[in-house]
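Working notes, beginning with the structure itself.
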Amino acid sequence: MATEYATRDELKNQLGIETSDTSRDTLLDKALTAASRGIDRATGRRFWLDDTLTARTYRLHQRIVCEEDGNVLLVDDIGDATGMTVESASSSGGTYTAVTGYDTTPDNALIEGYPITGLLRPNSIWGTSFTRIRVTARFGWPAVPDDVAEACLIQASRLFKRKDSPEGVMGSAEWGVVRLSRRDPDVWNLIEPYIMPGFG
């Protein structure tokens with residue numbers, strides 16, 4: 001499964017490399033993978049969608065937000081609610097039973113291209129500190145946001161060109177020697193809105 005946030009052809013276009021030129025494909029692919037995983041680490045989340053349903057288990061400790069209309073269980077990004085199931089067990093190793101009567105939050109998230117990040121029990125609670133909640137869903141984002149794709153291209157271009165500046169400096173006859181900054185400000189501006197709350 002490809003989990004890069006841009007394609008090789010898009011990167012070639014960004015760098016002015018002919019699509020038919022395959023001599024640097026390995027380096028381009030490495031740059032795309034490194035840029036994509038760097039975005040994951042910087043934001044504390046990933047933007048590709050699971051191919052299949054996957055089960056994840058949550059303890060309630062530090063994952064519950066008390067709202068006026070009930071308790072919200074914070075979950076990992078869910079990019080597709082088709083076939084999603086939620087189950088509860090009274091303790092670790094206990095028998096799981098289906099949970100009904102919950103709403104996904106934020107409202108209309110998937111329609112607007114954002115993931116589900118919480119499950120609300122209206123006028124109710126999820127359980128005690130011993131309760132385990134198992135969510136089976138397709139985790140990730142519904143689609144890679146345009147900002148993330150653009151940040152990936154910028155960072156991958158930078159990483160690809162890094163072979164020409166092994167000491168972290170670049171030079172030109174017009175500008176002389178220039179030290180490369182540690183973090184590209186354009187990349188950071190593009191991904192900053194996607195950083196998990198309390199992560200960065």
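If you're wondering about the labels, chains in the structure tokens are A, B, ... by order shown, residues count from 1 in each chain, ligands from 1 in order shown.
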**Shell of 10 Å around stretch 112-128 of chain A, only C-alpha atoms, local chain residues under 5 positions omitted, as a count of residues only** = 46
**Request:** Write down as a PyMOL selection string the residues of chain A whose backbone DSSP state falls under strand (DSSP E).
**Result:** chain A and resi 54-59+64-67+70-89+97-98+103-105+116-122+132-139+169-172+176-179
**Prompt:** Restricting the calculation to only C-alpha atoms, which member of A:Arg162, A:Asp184, A:Ala42, A:Ala151 is positioned closest to A:Leu11?
**Reply:** A:Ala151
Contacts of A:Asp29 within 8 Å, only C-alpha atoms, excl. fewer than 4 positions in-chain, as a PDB file with C-alpha atoms, in the first residue's frame:
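In the end it all went to around_5.pdb:
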```
ATOM      1  CA  ARG A   8       6.758  10.357  -8.143  1.00  0.00           C
ATOM      2  CA  ASP A  25      13.496   7.078  -9.454  1.00  0.00           C
ATOM      3  CA  THR A  33       8.791   8.376   1.742  1.00  0.00           C
TER       4      THR A  33
END
```
**Item:** Atomic distance atom CA of A:Asp186 - atom CA of A:Asp146, expressed in Å with one decimal
**Value:**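 Separation of atom CA of A:Asp186 and atom CA of A:Asp146: 13.7 Å.
Here atom CA of A:Ser129 stands at a distance of 15.6 Å from atom CA of A:Glu87.
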**Message:** I want to know what sits within 10 Å of A:Ile191, based on only C-alpha atoms, with residues of the same chain fewer than 2 positions away left out; could you give that as a VMD selection string?
**Reply:** chain A and resid 39 to 40 42 to 43 145 147 to 152 186 to 189 193 to 195
Keeping C-alpha atoms, export the residues of the selection given above as a compact mmCIF listing (two decimals), in the first residue's frame.
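And here is the file that came out, again-v7.txt:
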```txt
# COMPACT_ATOMS: atom_id res chain seq x y z
CA ILE A 39 5.03 14.93 8.25
CA ASP A 40 3.53 12.06 10.27
CA ALA A 42 5.67 16.37 13.06
CA THR A 43 1.86 16.27 13.23
CA PRO A 145 -5.41 17.20 2.41
CA ASP A 147 -1.84 21.29 2.18
CA VAL A 148 -0.23 18.02 3.26
CA ALA A 149 0.37 16.95 -0.33
CA GLU A 150 2.01 20.29 -1.13
CA ALA A 151 4.15 20.14 2.03
CA CYS A 152 5.26 16.65 1.01
CA ASP A 186 6.60 26.86 4.06
CA VAL A 187 6.33 23.19 5.01
CA TRP A 188 5.72 24.11 8.62
CA ASN A 189 3.03 26.67 7.74
CA PRO A 193 -3.04 23.36 11.32
CA TYR A 194 -2.98 19.54 11.24
CA ILE A 195 -0.84 19.01 14.35
```
**Asked** Which residue gives the smallest distance to A:Glu192 among A:Lys163, A:Lys30, A:Arg56, A:Arg45, with only C-alpha atoms counted?
**Response**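 With only C-alpha atoms as the atom set, the closest residue is A:Arg45.
For the pair atom CA of A:Asp50 and atom CA of A:Ala31, the separation is 22.4 Å.
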**Request:** Name the residues of stretch 45-185 of chain A that fall into alpha helix (DSSP H) according to DSSP on the backbone, using the chain letters and numbers of this document, as JSON, numbers by chain.
**Result:** {"A": [146, 147, 148, 149, 150, 151, 152, 153, 154, 155, 156, 157, 158, 159, 160, 161, 185]}
**Item:** Minimum-distance residue to A:Met84, chosen among A:Thr54, A:Gln62, A:Thr7, A:Asn13 (using only C-alpha atoms)
**Value:**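 Looking at the shortest contact to A:Met84, the residue is A:Thr54.
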**Counting only C-alpha atoms, the residue of A:Leu153, A:Phe130, A:Tyr58, A:Ile111 that sits nearest A:Ser92** = A:Phe130
